[in-house]
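**Student:** Before we start, here is the structure in question, set down as structure tokens.
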Amino acid sequence: MKETRDKARELMKGYCRVCRVCDGKACAGEVPGMGGLGTAASFKNNVTALARVRLNMRLLHGVTAPDTAVSLLGFDLSMPVLAAPIGGVSFNMGGGVSEEDYIEAVVAGCRNAGVVGCTGDGVPPVIHESGFAAIAGSEGHGIPFIKPWEGAELDEKLDKARATGCTLFGMDVDAAGLITLRQMGRPVSPKTPEELEAIIARVHGWGGKFILKGVMTPDEALLAARVGADAIVVSNHGGRVLDHTPGTAEVLAGVAAAVRGRLTVLVDGGVRDGADVLKMVALGADAVMIGRPISVAAVGGLQEGVEQYLAAVRAQLVQAMILTGSPDMASVSSCILFQD
């Protein structure tokens, strides 16, 4: 990955330093860009919270070839990983590659690696248009995330997303704090339970499933289940919308316990390698979303870069499963975590 990371560092200069450890320190306050909002406390908390989770090493067992595969939300995945919805190459990543080439690399690279890529939304229109085109070009193998727009824009984009052939639809309600969009005359806002219920009923009427991203508390997880969501993403939007939130690894176990068996629980925030994936699953997630590292891989190496990165994550996951005595993902529980 060194060549890919070096190329990304060159192309993303001024927007992302492609640090050896992506922890939010060097890019604090750089939004737009790849940093965290304000002090970047939320971004940093994602990384430090996950780093505090420790694994029990166990080697008196017969696990030599663990099975990393999972099935969820209609997809058979080679490992419990999805690419988080990130767009805006020109103002977040330096514009070294086009929006179209970037998101096609993410979606196609994920598909070839046996996982799923999610696409983003925003302003300018090329963000969602490129994402929808990439999913359509991948025969519906992708998840479009649509921001919580006010007015007709939300309905129009849901219709466009449906035309891609996708079976899963996402809303990153955690984007509701992006006041810049309101200043541009394109407001986003929180959604009431009644509004969400109507949106989800519409998607279910198409035979699709709905993911609600941006749930950080058990009560809102329960609310998501009550209005019919099929999955939630425990997420603070990568620390880019509200400063001083806890890291997702701090709240995941409580959120997952509240809705266990009622919906699929995904999580993002600070996931960098296969051991991090295993930790999040042990804390209660069914799968994880990886954001910034996949963006760096896509900018630096396009589809090949994404595939290389995901191959490395899977190899690290296999190693961590062997060293914790985990034969498959279904067997992973909090028992593999060290408790003080």
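We name chains A, B, ... following the order of the structure tokens; residues begin at 1 in each chain, and ligands are numbered from 1 as shown.
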List the spatial neighbours of Leu158 (chain A) as a list in words - criterion: any atom at most 10 Å away, only C-alpha atoms, same-chain residues fewer than 4 positions off excluded.
**Tutor:** Pro144, Phe145, Ile146, Glu153, Leu154, Arg162, Ala163, Phe169, Gly170, Met171, Ile199, Arg202 and Val203 of chain A
**Student:** So which residues touch Gly74 (chain A) within 12 Å, counting only C-alpha atoms, skipping near sequence neighbours fewer than 5 positions away, as a PyMOL selection string?
**Tutor:** chain A and resi 115-116+141-143+166-168+207-210+230-231+264
**Student:** List every residue of region 73-174 of chain A that has an atom at most 12 Å from any atom of region 1-10 of chain A, giving for each one its closest atom pair and the distance in Å to one decimal, counting only C-alpha atoms, sorted by chain and then by ascending residue number, as a tab-separated table.
**Tutor:**
residue	atom	partner	partner_atom	distance
A:Met93	CA	A:Ala8	CA	9.2
A:Gly94	CA	A:Glu10	CA	9.7
A:Gly95	CA	A:Ala8	CA	10.9
A:Gly96	CA	A:Ala8	CA	8.5
A:Val97	CA	A:Ala8	CA	9.8
A:Tyr102	CA	A:Ala8	CA	11.8
**Student:** So that I can see what lies close to Asp172 (chain A), please list as an mmCIF file with all heavy atoms, in the first residue's frame the residues with an atom at most 8 Å from it, counting only C-alpha atoms and leaving out residues fewer than 5 positions away in the same chain.
**Tutor:**
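File written: around_3.cif
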data_model
loop_
_atom_site.group_PDB
_atom_site.id
_atom_site.type_symbol
_atom_site.label_atom_id
_atom_site.label_comp_id
_atom_site.auth_asym_id
_atom_site.auth_seq_id
_atom_site.Cartn_x
_atom_site.Cartn_y
_atom_site.Cartn_z
ATOM 1 N N PHE A 145 -26.579 6.566 -0.061
ATOM 2 C CA PHE A 145 -27.011 7.307 1.124
ATOM 3 C C PHE A 145 -27.447 8.698 0.698
ATOM 4 O O PHE A 145 -26.744 9.389 -0.035
ATOM 5 C CB PHE A 145 -25.887 7.389 2.165
ATOM 6 C CG PHE A 145 -25.874 6.220 3.092
ATOM 7 C CD1 PHE A 145 -25.361 5.003 2.679
ATOM 8 C CD2 PHE A 145 -26.401 6.320 4.374
ATOM 9 C CE1 PHE A 145 -25.368 3.910 3.522
ATOM 10 C CE2 PHE A 145 -26.412 5.231 5.229
ATOM 11 C CZ PHE A 145 -25.897 4.020 4.809
ATOM 12 N N ILE A 146 -28.620 9.080 1.158
ATOM 13 C CA ILE A 146 -29.216 10.368 0.800
ATOM 14 C C ILE A 146 -29.319 11.218 2.055
ATOM 15 O O ILE A 146 -29.733 10.733 3.111
ATOM 16 C CB ILE A 146 -30.599 10.153 0.158
ATOM 17 C CG1 ILE A 146 -30.425 9.324 -1.133
ATOM 18 C CG2 ILE A 146 -31.280 11.482 -0.148
ATOM 19 C CD1 ILE A 146 -31.732 8.814 -1.706
ATOM 20 N N LYS A 147 -28.961 12.476 1.951
ATOM 21 C CA LYS A 147 -28.994 13.357 3.107
ATOM 22 C C LYS A 147 -30.449 13.673 3.504
ATOM 23 O O LYS A 147 -31.359 13.551 2.680
ATOM 24 C CB LYS A 147 -28.217 14.641 2.804
ATOM 25 C CG LYS A 147 -26.724 14.371 2.680
ATOM 26 C CD LYS A 147 -25.925 15.611 2.894
ATOM 27 C CE LYS A 147 -24.425 15.377 2.942
ATOM 28 N NZ LYS A 147 -23.945 14.009 3.039
ATOM 29 N N PRO A 148 -30.674 14.081 4.731
ATOM 30 C CA PRO A 148 -32.036 14.366 5.199
ATOM 31 C C PRO A 148 -32.542 15.729 4.711
ATOM 32 O O PRO A 148 -32.786 16.659 5.483
ATOM 33 C CB PRO A 148 -31.897 14.332 6.726
ATOM 34 C CG PRO A 148 -30.495 14.793 6.968
ATOM 35 C CD PRO A 148 -29.677 14.212 5.826
ATOM 36 N N LEU A 212 -30.581 3.656 8.638
ATOM 37 C CA LEU A 212 -30.549 4.985 9.248
ATOM 38 C C LEU A 212 -29.189 5.190 9.908
ATOM 39 O O LEU A 212 -28.836 4.494 10.868
ATOM 40 C CB LEU A 212 -31.665 5.116 10.287
ATOM 41 C CG LEU A 212 -31.856 6.499 10.926
ATOM 42 C CD1 LEU A 212 -32.270 7.525 9.880
ATOM 43 C CD2 LEU A 212 -32.883 6.430 12.038
ATOM 44 N N LYS A 213 -28.423 6.123 9.385
ATOM 45 C CA LYS A 213 -27.060 6.370 9.868
ATOM 46 C C LYS A 213 -27.024 7.605 10.763
ATOM 47 O O LYS A 213 -27.555 8.661 10.409
ATOM 48 C CB LYS A 213 -26.122 6.561 8.676
ATOM 49 C CG LYS A 213 -24.680 6.880 9.029
ATOM 50 C CD LYS A 213 -23.825 6.943 7.772
ATOM 51 C CE LYS A 213 -22.424 7.413 8.043
ATOM 52 N NZ LYS A 213 -22.363 8.850 8.392
ATOM 53 N N GLY A 214 -26.384 7.447 11.927
ATOM 54 C CA GLY A 214 -26.251 8.567 12.839
ATOM 55 C C GLY A 214 -26.931 8.343 14.173
ATOM 56 O O GLY A 214 -27.369 9.285 14.825
#
**Student:** Apply DSSP to the backbone of this structure and, from region 73-185 of chain A, keep only the residues in strand (DSSP E or B); write these as a PyMOL selection string.
**Tutor:** chain A and resi 75-77+81-83+116-119+143-146+149+168-172
**Student:** Take the residues from that selection and put them in a file with C-alpha atoms, as an mmCIF file, in the first residue's frame.
**Tutor:**
data_model
loop_
_atom_site.group_PDB
_atom_site.id
_atom_site.type_symbol
_atom_site.label_atom_id
_atom_site.label_comp_id
_atom_site.auth_asym_id
_atom_site.auth_seq_id
_atom_site.Cartn_x
_atom_site.Cartn_y
_atom_site.Cartn_z
ATOM 1 C CA PHE A 75 -25.778 -9.417 0.838
ATOM 2 C CA ASP A 76 -23.276 -12.247 1.223
ATOM 3 C CA LEU A 77 -20.047 -10.536 2.253
ATOM 4 C CA VAL A 81 -17.081 -4.559 6.077
ATOM 5 C CA LEU A 82 -18.693 -1.841 3.957
ATOM 6 C CA ALA A 83 -17.237 1.378 2.559
ATOM 7 C CA VAL A 116 -20.310 -3.386 -0.494
ATOM 8 C CA GLY A 117 -19.562 0.253 -1.240
ATOM 9 C CA CYS A 118 -21.841 3.076 -0.125
ATOM 10 C CA THR A 119 -22.160 6.348 -2.012
ATOM 11 C CA ILE A 143 -25.909 1.430 -1.136
ATOM 12 C CA PRO A 144 -26.847 5.044 -1.924
ATOM 13 C CA PHE A 145 -27.011 7.307 1.124
ATOM 14 C CA ILE A 146 -29.216 10.368 0.800
ATOM 15 C CA TRP A 149 -33.114 17.088 2.772
ATOM 16 C CA LEU A 168 -30.773 -0.953 0.152
ATOM 17 C CA PHE A 169 -31.331 2.753 0.748
ATOM 18 C CA GLY A 170 -29.581 4.812 3.401
ATOM 19 C CA MET A 171 -30.085 8.179 5.040
ATOM 20 C CA ASP A 172 -27.229 9.827 6.930
#
**Student:** Counting only C-alpha atoms, which residue out of A:Glu304, A:Gly291, A:Leu323, A:Arg182 sits closest to Ala275 (chain A)?
**Tutor:**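 Result for the nearest residue to Ala275 (chain A): A:Leu323.
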**Student:** What gap, in Å, lies between CA of Thr248 (chain A) and CA of Asn46 (chain A)?
**Tutor:**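 If I compute the distance from CA of Thr248 (chain A) to CA of Asn46 (chain A), I get 5.7 Å.
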**Student:** Just the helix (DSSP H, G or I) stuff from region 111-199 of chain A, please, per backbone DSSP, written as a PyMOL selection string.
**Tutor:** chain A and resi 111-112+126-137+152-162+173-177+179-183+193-199
**Student:** Please identify all polymer residues within 9 Å of Asp276 (chain A), counting only C-alpha atoms, omitting same-chain residues fewer than 4 positions from it, and present them as JSON, numbers by chain.
**Tutor:** {"A": [50, 51, 53, 270, 271, 272, 280, 281, 317]}
**Student:** Only C-alpha atoms, please: the residues just picked out, written as a compact mmCIF listing (two decimals), in the first residue's frame.
**Tutor:**
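So result_16.txt came out as:
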# COMPACT_ATOMS: atom_id res chain seq x y z
CA LEU A 50 -11.37 1.91 19.76
CA ALA A 51 -7.69 1.82 20.74
CA VAL A 53 -10.55 -1.86 23.46
CA GLY A 270 -11.85 5.02 13.70
CA VAL A 271 -11.79 1.60 12.03
CA ARG A 272 -8.39 1.27 10.37
CA MET A 280 -16.35 -3.66 16.76
CA VAL A 281 -18.02 -7.02 16.09
CA LEU A 317 -8.93 -9.90 10.37
